[in-house]
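The file input33.pdb contains PDB, C-alpha atoms, pLDDT in the B column:
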ATOM      1  CA  MET G1446     146.003 122.519 105.206  1.00 47.00           C
ATOM      2  CA  GLY G1447     142.533 123.214 106.652  1.00 59.00           C
ATOM      3  CA  LYS G1448     140.745 121.261 109.327  1.00 71.00           C
ATOM      4  CA  VAL G1449     138.348 118.470 108.372  1.00 70.00           C
ATOM      5  CA  GLU G1450     135.501 120.563 109.804  1.00 70.00           C
ATOM      6  CA  GLU G1451     136.175 123.254 107.208  1.00 74.00           C
ATOM      7  CA  GLY G1452     135.843 120.933 104.230  1.00 84.00           C
ATOM      8  CA  LYS G1453     132.830 120.490 101.981  1.00 86.00           C
ATOM      9  CA  PRO G1454     132.305 116.754 102.689  1.00 90.00           C
ATOM     10  CA  TYR G1455     132.220 117.349 106.462  1.00 93.00           C
ATOM     11  CA  ARG G1456     129.771 120.248 106.136  1.00 91.00           C
ATOM     12  CA  TRP G1457     127.580 118.215 103.789  1.00 92.00           C
ATOM     13  CA  GLY G1458     127.568 115.373 106.320  1.00 95.00           C
ATOM     14  CA  ARG G1459     126.208 117.766 108.925  1.00 96.00           C
ATOM     15  CA  LEU G1460     123.569 119.009 106.488  1.00 95.00           C
ATOM     16  CA  TYR G1461     122.589 115.413 105.721  1.00 96.00           C
ATOM     17  CA  ALA G1462     122.090 114.739 109.441  1.00 98.00           C
ATOM     18  CA  ALA G1463     119.838 117.789 109.785  1.00 98.00           C
ATOM     19  CA  LEU G1464     117.752 116.802 106.758  1.00 97.00           C
ATOM     20  CA  ARG G1465     117.378 113.232 108.012  1.00 97.00           C
ATOM     21  CA  ALA G1466     116.404 114.555 111.440  1.00 98.00           C
ATOM     22  CA  VAL G1467     113.585 116.671 110.008  1.00 97.00           C
ATOM     23  CA  GLN G1468     112.302 113.727 107.977  1.00 97.00           C
ATOM     24  CA  GLY G1469     112.560 111.253 110.860  1.00 97.00           C
ATOM     25  CA  LEU G1470     110.817 113.558 113.301  1.00 98.00           C
ATOM     26  CA  ALA G1471     107.995 113.994 110.790  1.00 97.00           C
ATOM     27  CA  THR G1472     107.499 110.342 109.976  1.00 97.00           C
ATOM     28  CA  THR G1473     108.139 108.585 113.295  1.00 97.00           C
ATOM     29  CA  GLY G1474     108.815 111.279 115.872  1.00 97.00           C
ATOM     30  CA  ARG G1475     112.378 109.954 116.165  1.00 97.00           C
ATOM     31  CA  VAL G1476     115.754 110.328 114.485  1.00 97.00           C
ATOM     32  CA  THR G1477     117.275 107.056 113.357  1.00 96.00           C
ATOM     33  CA  PRO G1478     120.883 106.775 112.229  1.00 96.00           C
ATOM     34  CA  ALA G1479     121.602 106.358 108.545  1.00 97.00           C
ATOM     35  CA  THR G1480     122.780 102.979 107.364  1.00 96.00           C
ATOM     36  CA  ALA G1481     126.115 102.508 105.617  1.00 95.00           C
ATOM     37  CA  ARG G1482     124.106 102.052 102.420  1.00 95.00           C
ATOM     38  CA  ASP G1483     122.313 105.403 102.932  1.00 96.00           C
ATOM     39  CA  LEU G1484     125.628 107.165 103.508  1.00 94.00           C
ATOM     40  CA  LYS G1485     127.191 105.621 100.396  1.00 93.00           C
ATOM     41  CA  ALA G1486     124.205 106.520  98.228  1.00 93.00           C
ATOM     42  CA  THR G1487     124.441 110.096  99.445  1.00 93.00           C
ATOM     43  CA  THR G1488     128.193 110.440  98.873  1.00 92.00           C
ATOM     44  CA  ASP G1489     127.741 108.905  95.411  1.00 92.00           C
ATOM     45  CA  SER G1490     125.119 111.497  94.484  1.00 90.00           C
ATOM     46  CA  PRO G1491     124.851 114.193  97.160  1.00 89.00           C
ATOM     47  CA  ARG G1492     122.953 116.774  95.167  1.00 87.00           C
ATOM     48  CA  ALA G1493     120.221 114.307  94.206  1.00 90.00           C
ATOM     49  CA  ALA G1494     119.926 113.132  97.823  1.00 92.00           C
ATOM     50  CA  PHE G1495     119.704 116.663  99.195  1.00 92.00           C
ATOM     51  CA  GLU G1496     117.193 117.742  96.547  1.00 93.00           C
ATOM     52  CA  SER G1497     115.022 114.765  97.481  1.00 95.00           C
ATOM     53  CA  PHE G1498     114.998 115.765 101.158  1.00 95.00           C
ATOM     54  CA  LEU G1499     114.471 119.443 100.380  1.00 94.00           C
ATOM     55  CA  ARG G1500     111.407 118.734  98.222  1.00 96.00           C
ATOM     56  CA  THR G1501     109.506 117.659 101.332  1.00 96.00           C
ATOM     57  CA  ALA G1502     111.337 119.526 104.107  1.00 95.00           C
ATOM     58  CA  GLY G1503     108.624 122.138 104.600  1.00 94.00           C
ATOM     59  CA  ILE G1504     105.856 119.559 104.792  1.00 97.00           C
ATOM     60  CA  ASP G1505     108.023 117.387 107.033  1.00 97.00           C
ATOM     61  CA  VAL G1506     108.691 120.170 109.518  1.00 95.00           C
ATOM     62  CA  LEU G1507     104.992 120.992 109.688  1.00 96.00           C
ATOM     63  CA  ALA G1508     104.135 117.323 110.276  1.00 97.00           C
ATOM     64  CA  ALA G1509     106.747 117.083 113.022  1.00 96.00           C
ATOM     65  CA  ARG G1510     105.509 120.301 114.618  1.00 95.00           C
ATOM     66  CA  GLN G1511     101.985 118.825 114.722  1.00 96.00           C
ATOM     67  CA  ARG G1512     103.286 116.113 117.059  1.00 96.00           C
ATOM     68  CA  GLY G1513     103.859 118.810 119.675  1.00 96.00           C
ATOM     69  CA  GLY G1514     106.163 118.720 122.683  1.00 97.00           C
ATOM     70  CA  PRO G1515     109.823 117.762 122.347  1.00 97.00           C
ATOM     71  CA  VAL G1516     109.354 116.490 118.776  1.00 97.00           C
ATOM     72  CA  ALA G1517     108.004 119.869 117.661  1.00 97.00           C
ATOM     73  CA  GLU G1518     110.851 121.669 119.384  1.00 97.00           C
ATOM     74  CA  ALA G1519     113.467 119.354 117.857  1.00 98.00           C
ATOM     75  CA  ALA G1520     111.941 119.783 114.399  1.00 97.00           C
ATOM     76  CA  ALA G1521     112.221 123.563 114.675  1.00 96.00           C
ATOM     77  CA  VAL G1522     115.896 123.301 115.604  1.00 97.00           C
ATOM     78  CA  ALA G1523     116.705 120.778 112.862  1.00 97.00           C
ATOM     79  CA  PHE G1524     114.905 122.871 110.253  1.00 97.00           C
ATOM     80  CA  ALA G1525     116.858 125.956 111.316  1.00 97.00           C
ATOM     81  CA  ASP G1526     120.038 123.855 111.094  1.00 97.00           C
ATOM     82  CA  VAL G1527     119.180 122.915 107.515  1.00 95.00           C
ATOM     83  CA  ALA G1528     119.006 126.585 106.565  1.00 93.00           C
ATOM     84  CA  ARG G1529     122.230 127.341 108.443  1.00 94.00           C
ATOM     85  CA  LEU G1530     124.131 124.397 106.969  1.00 93.00           C
ATOM     86  CA  ILE G1531     123.240 124.885 103.291  1.00 88.00           C
ATOM     87  CA  PRO G1532     126.385 126.340 101.737  1.00 80.00           C
ATOM     88  CA  PRO G1533     126.027 129.831 100.248  1.00 82.00           C
ATOM     89  CA  GLN G1534     127.393 128.728  96.893  1.00 79.00           C
ATOM     90  CA  ARG G1535     126.309 126.559  93.995  1.00 77.00           C
ATOM     91  CA  MET G1536     126.115 122.883  94.917  1.00 73.00           C
ATOM     92  CA  ASP G1537     128.234 120.732  92.637  1.00 71.00           C
ATOM     93  CA  ARG G1538     126.784 117.712  90.878  1.00 71.00           C
ATOM     94  CA  GLU G1539     129.914 115.623  91.454  1.00 75.00           C
ATOM     95  CA  ASN G1540     130.087 112.876  94.036  1.00 79.00           C
ATOM     96  CA  ILE G1541     132.127 113.169  97.201  1.00 83.00           C
ATOM     97  CA  THR G1542     133.288 109.586  97.446  1.00 76.00           C
ATOM     98  CA  THR G1543     136.889 110.719  97.938  1.00 80.00           C
ATOM     99  CA  GLY G1544     135.698 112.636 100.993  1.00 86.00           C
ATOM    100  CA  ALA G1545     133.297 109.940 102.210  1.00 92.00           C
ATOM    101  CA  GLU G1546     135.093 109.543 105.533  1.00 94.00           C
ATOM    102  CA  HIS G1547     134.892 113.284 106.225  1.00 94.00           C
ATOM    103  CA  PHE G1548     131.221 113.244 105.191  1.00 94.00           C
ATOM    104  CA  ARG G1549     130.581 110.444 107.698  1.00 96.00           C
ATOM    105  CA  GLN G1550     132.460 112.373 110.398  1.00 96.00           C
ATOM    106  CA  GLY G1551     130.319 115.465 109.790  1.00 96.00           C
ATOM    107  CA  TYR G1552     127.162 113.380 109.816  1.00 97.00           C
ATOM    108  CA  GLU G1553     128.149 111.670 113.068  1.00 97.00           C
ATOM    109  CA  ALA G1554     129.141 114.967 114.708  1.00 97.00           C
ATOM    110  CA  GLN G1555     125.744 116.511 113.970  1.00 97.00           C
ATOM    111  CA  LEU G1556     123.916 113.347 115.021  1.00 97.00           C
ATOM    112  CA  ALA G1557     125.888 113.331 118.292  1.00 97.00           C
ATOM    113  CA  GLU G1558     124.774 116.920 118.955  1.00 97.00           C
ATOM    114  CA  TYR G1559     121.172 115.910 118.395  1.00 98.00           C
ATOM    115  CA  ARG G1560     121.527 112.814 120.558  1.00 97.00           C
ATOM    116  CA  LYS G1561     122.878 114.944 123.419  1.00 96.00           C
ATOM    117  CA  THR G1562     120.299 117.717 123.036  1.00 96.00           C
ATOM    118  CA  TRP G1563     117.246 115.589 122.286  1.00 96.00           C
ATOM    119  CA  GLU G1564     117.700 112.724 124.721  1.00 91.00           C
ATOM    120  CA  GLY G1565     115.210 109.999 123.944  1.00 93.00           C
ATOM    121  CA  LEU G1566     114.411 111.189 120.413  1.00 97.00           C
ATOM    122  CA  VAL G1567     117.571 109.924 118.693  1.00 97.00           C
ATOM    123  CA  ASP G1568     118.318 106.223 118.343  1.00 92.00           C
TER     124      ASP G1568
END

Spit out the file's structure as structure tokens when you get a sec.
Amino acid sequence: MGKVEEGKPYRWGRLYAALRAVQGLATTGRVTPATARDLKATTDSPRAAFESFLRTAGIDVLAARQRGGPVAEAAAVAFADVARLIPPQRMDRENITTGAEHFRQGYEAQLAEYRKTWEGLVD
């Protein structure tokens, strides 16, 4: 049996954190944690959630970079993380509710990395 970190829900949780970071840095200059409702909506329909973020990711990273300083630097890292964390295979349309806990763990692990690296930018 593989480790949780090797599973699709965990990896998707990390990707979700990176996408939310790019969007948050663009809109407010901060990264705010997802609510339980946000996490559930994403595990219910991950592909739709990711496609929604990806539609504006380029514009979001440019907006965040315009803020300059630590926000611009964080946006560059988060955007690179998005590219690194997108799996190199077709994304299923099915939900990942059975792996919701692993998704949350992946999300929280990535958010914790950001919180440690970008002190003061992550709530």

Open item on the list: Measuring between all atoms listed in the file, which one of G:Gly1452, G:Pro1491, G:Gly1458, G:Gly1469 shows the shortest distance to Asn1540 of chain G?
Closed with: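 Of the candidates, the smallest distance to Asn1540 of chain G is held by G:Pro1491.
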
Task: Residues in the PyMOL selection byres ((chain G and resi 1470) around 10), expressed as a VMD selection string - done: chain G and resid 1465 to 1469 1471 to 1477 1505 to 1506 1508 to 1510 1512 1516 to 1517 1519 to 1520 1523 1566 to 1567

Task: Residues returned when the PyMOL selection byres ((chain G and resi 1543) around 12) runs on this file, as a PyMOL selection string - done: chain G and resi 1453-1455+1485+1488-1489+1539-1542+1544-1549

Export C-alpha atoms of the chosen residues as a PDB file, keeping the file's coordinate frame?
ATOM      1  CA  LYS G1453     132.830 120.490 101.981  1.00 86.00           C
ATOM      2  CA  PRO G1454     132.305 116.754 102.689  1.00 90.00           C
ATOM      3  CA  TYR G1455     132.220 117.349 106.462  1.00 93.00           C
ATOM      4  CA  LYS G1485     127.191 105.621 100.396  1.00 93.00           C
ATOM      5  CA  THR G1488     128.193 110.440  98.873  1.00 92.00           C
ATOM      6  CA  ASP G1489     127.741 108.905  95.411  1.00 92.00           C
ATOM      7  CA  GLU G1539     129.914 115.623  91.454  1.00 75.00           C
ATOM      8  CA  ASN G1540     130.087 112.876  94.036  1.00 79.00           C
ATOM      9  CA  ILE G1541     132.127 113.169  97.201  1.00 83.00           C
ATOM     10  CA  THR G1542     133.288 109.586  97.446  1.00 76.00           C
ATOM     11  CA  GLY G1544     135.698 112.636 100.993  1.00 86.00           C
ATOM     12  CA  ALA G1545     133.297 109.940 102.210  1.00 92.00           C
ATOM     13  CA  GLU G1546     135.093 109.543 105.533  1.00 94.00           C
ATOM     14  CA  HIS G1547     134.892 113.284 106.225  1.00 94.00           C
ATOM     15  CA  PHE G1548     131.221 113.244 105.191  1.00 94.00           C
ATOM     16  CA  ARG G1549     130.581 110.444 107.698  1.00 96.00           C
TER      17      ARG G1549
END

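Picture a line from atom CA of Gln1555 of chain G to atom CA of Arg1459 of chain G; it runs 5.2 Å.
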
Open item on the list: Between atom CA of Met1536 of chain G and atom CA of Arg1492 of chain G, what is the distance in Å, rounded to a tenth?
Closed with: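 One can read the atom CA of Met1536 of chain G to atom CA of Arg1492 of chain G distance as 6.9 Å.
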
Task: Answer key for the PyMOL selection byres ((chain G and resi 1496) around 12), residues as a list in words - done: Leu1460, Tyr1461, Leu1464, Thr1487, Ser1490, Pro1491, Arg1492, Ala1493, Ala1494, Phe1495, Ser1497, Phe1498, Leu1499, Arg1500, Thr1501, Ala1502, Ile1531, Met1536 and Arg1538 of chain G

TODO: Have a look at atom CA of Glu1518 of chain G and atom CA of Pro1478 of chain G and let me know their distance in Å, one decimal.
DONE: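 The value is 19.3 Å.
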
Please put the answer as AutoDock Vina command-line options: centre and edge lengths, in Å with one decimal, of a box along x, y and z that encloses all listed atoms of segment 1476-1487 of chain G plus 4 Å on each side.
--center_x 121.5 --center_y 106.2 --center_z 106.4 --size_x 19.4 --size_y 16.3 --size_z 24.3

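Distance annotation: of G:Tyr1552, G:Gln1534, G:Gln1511, G:Thr1562, the residue with the minimal separation from Ala1479 of chain G is G:Tyr1552; atom set is all atoms listed in the file.
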
Open item on the list: Which residue is closest to Ala1525 of chain G? Choose from G:Gly1513, G:Gly1503, G:Gly1565, G:Gly1551 and count only C-alpha atoms.
Closed with: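 That would be G:Gly1503, the residue with the smallest distance to Ala1525 of chain G.
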
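Of the residues listed (G:Ala1481, G:Leu1507, G:Ala1521, G:Ala1486), G:Ala1521 shows the shortest atom-to-atom separation from Ala1463 of chain G; distances use only C-alpha atoms.
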
Can you sort out segment 1487-1500 of chain G so it carries N, CA, C and O atoms, written as a compact mmCIF listing (two decimals), in the frame of the given file?
# COMPACT_ATOMS: atom_id res chain seq x y z
N THR G 1487 124.38 108.64 99.37
CA THR G 1487 124.44 110.10 99.44
C THR G 1487 125.79 110.62 98.97
O THR G 1487 125.84 111.62 98.26
N THR G 1488 126.88 109.97 99.34
CA THR G 1488 128.19 110.44 98.87
C THR G 1488 128.36 110.18 97.38
O THR G 1488 129.10 110.90 96.72
N ASP G 1489 127.68 109.17 96.85
CA ASP G 1489 127.74 108.90 95.41
C ASP G 1489 127.01 109.97 94.62
O ASP G 1489 127.40 110.31 93.50
N SER G 1490 125.93 110.51 95.18
CA SER G 1490 125.12 111.50 94.48
C SER G 1490 124.50 112.48 95.49
O SER G 1490 123.30 112.47 95.72
N PRO G 1491 125.34 113.33 96.09
CA PRO G 1491 124.85 114.19 97.16
C PRO G 1491 123.77 115.17 96.73
O PRO G 1491 122.80 115.36 97.44
N ARG G 1492 123.94 115.77 95.58
CA ARG G 1492 122.95 116.77 95.17
C ARG G 1492 121.58 116.15 95.01
O ARG G 1492 120.58 116.71 95.46
N ALA G 1493 121.51 114.98 94.38
CA ALA G 1493 120.22 114.31 94.21
C ALA G 1493 119.61 113.95 95.57
O ALA G 1493 118.40 114.12 95.77
N ALA G 1494 120.43 113.49 96.49
CA ALA G 1494 119.93 113.13 97.82
C ALA G 1494 119.39 114.37 98.54
O ALA G 1494 118.29 114.34 99.11
N PHE G 1495 120.14 115.46 98.50
CA PHE G 1495 119.70 116.66 99.20
C PHE G 1495 118.45 117.24 98.55
O PHE G 1495 117.54 117.70 99.24
N GLU G 1496 118.39 117.23 97.22
CA GLU G 1496 117.19 117.74 96.55
C GLU G 1496 115.96 116.93 96.93
O GLU G 1496 114.88 117.48 97.12
N SER G 1497 116.14 115.63 97.08
CA SER G 1497 115.02 114.76 97.48
C SER G 1497 114.51 115.15 98.87
O SER G 1497 113.30 115.27 99.09
N PHE G 1498 115.41 115.34 99.81
CA PHE G 1498 115.00 115.76 101.16
C PHE G 1498 114.36 117.16 101.13
O PHE G 1498 113.36 117.39 101.80
N LEU G 1499 114.95 118.07 100.38
CA LEU G 1499 114.47 119.44 100.38
C LEU G 1499 113.09 119.59 99.75
O LEU G 1499 112.35 120.51 100.10
N ARG G 1500 112.74 118.68 98.84
CA ARG G 1500 111.41 118.73 98.22
C ARG G 1500 110.30 118.62 99.26
O ARG G 1500 109.21 119.16 99.08
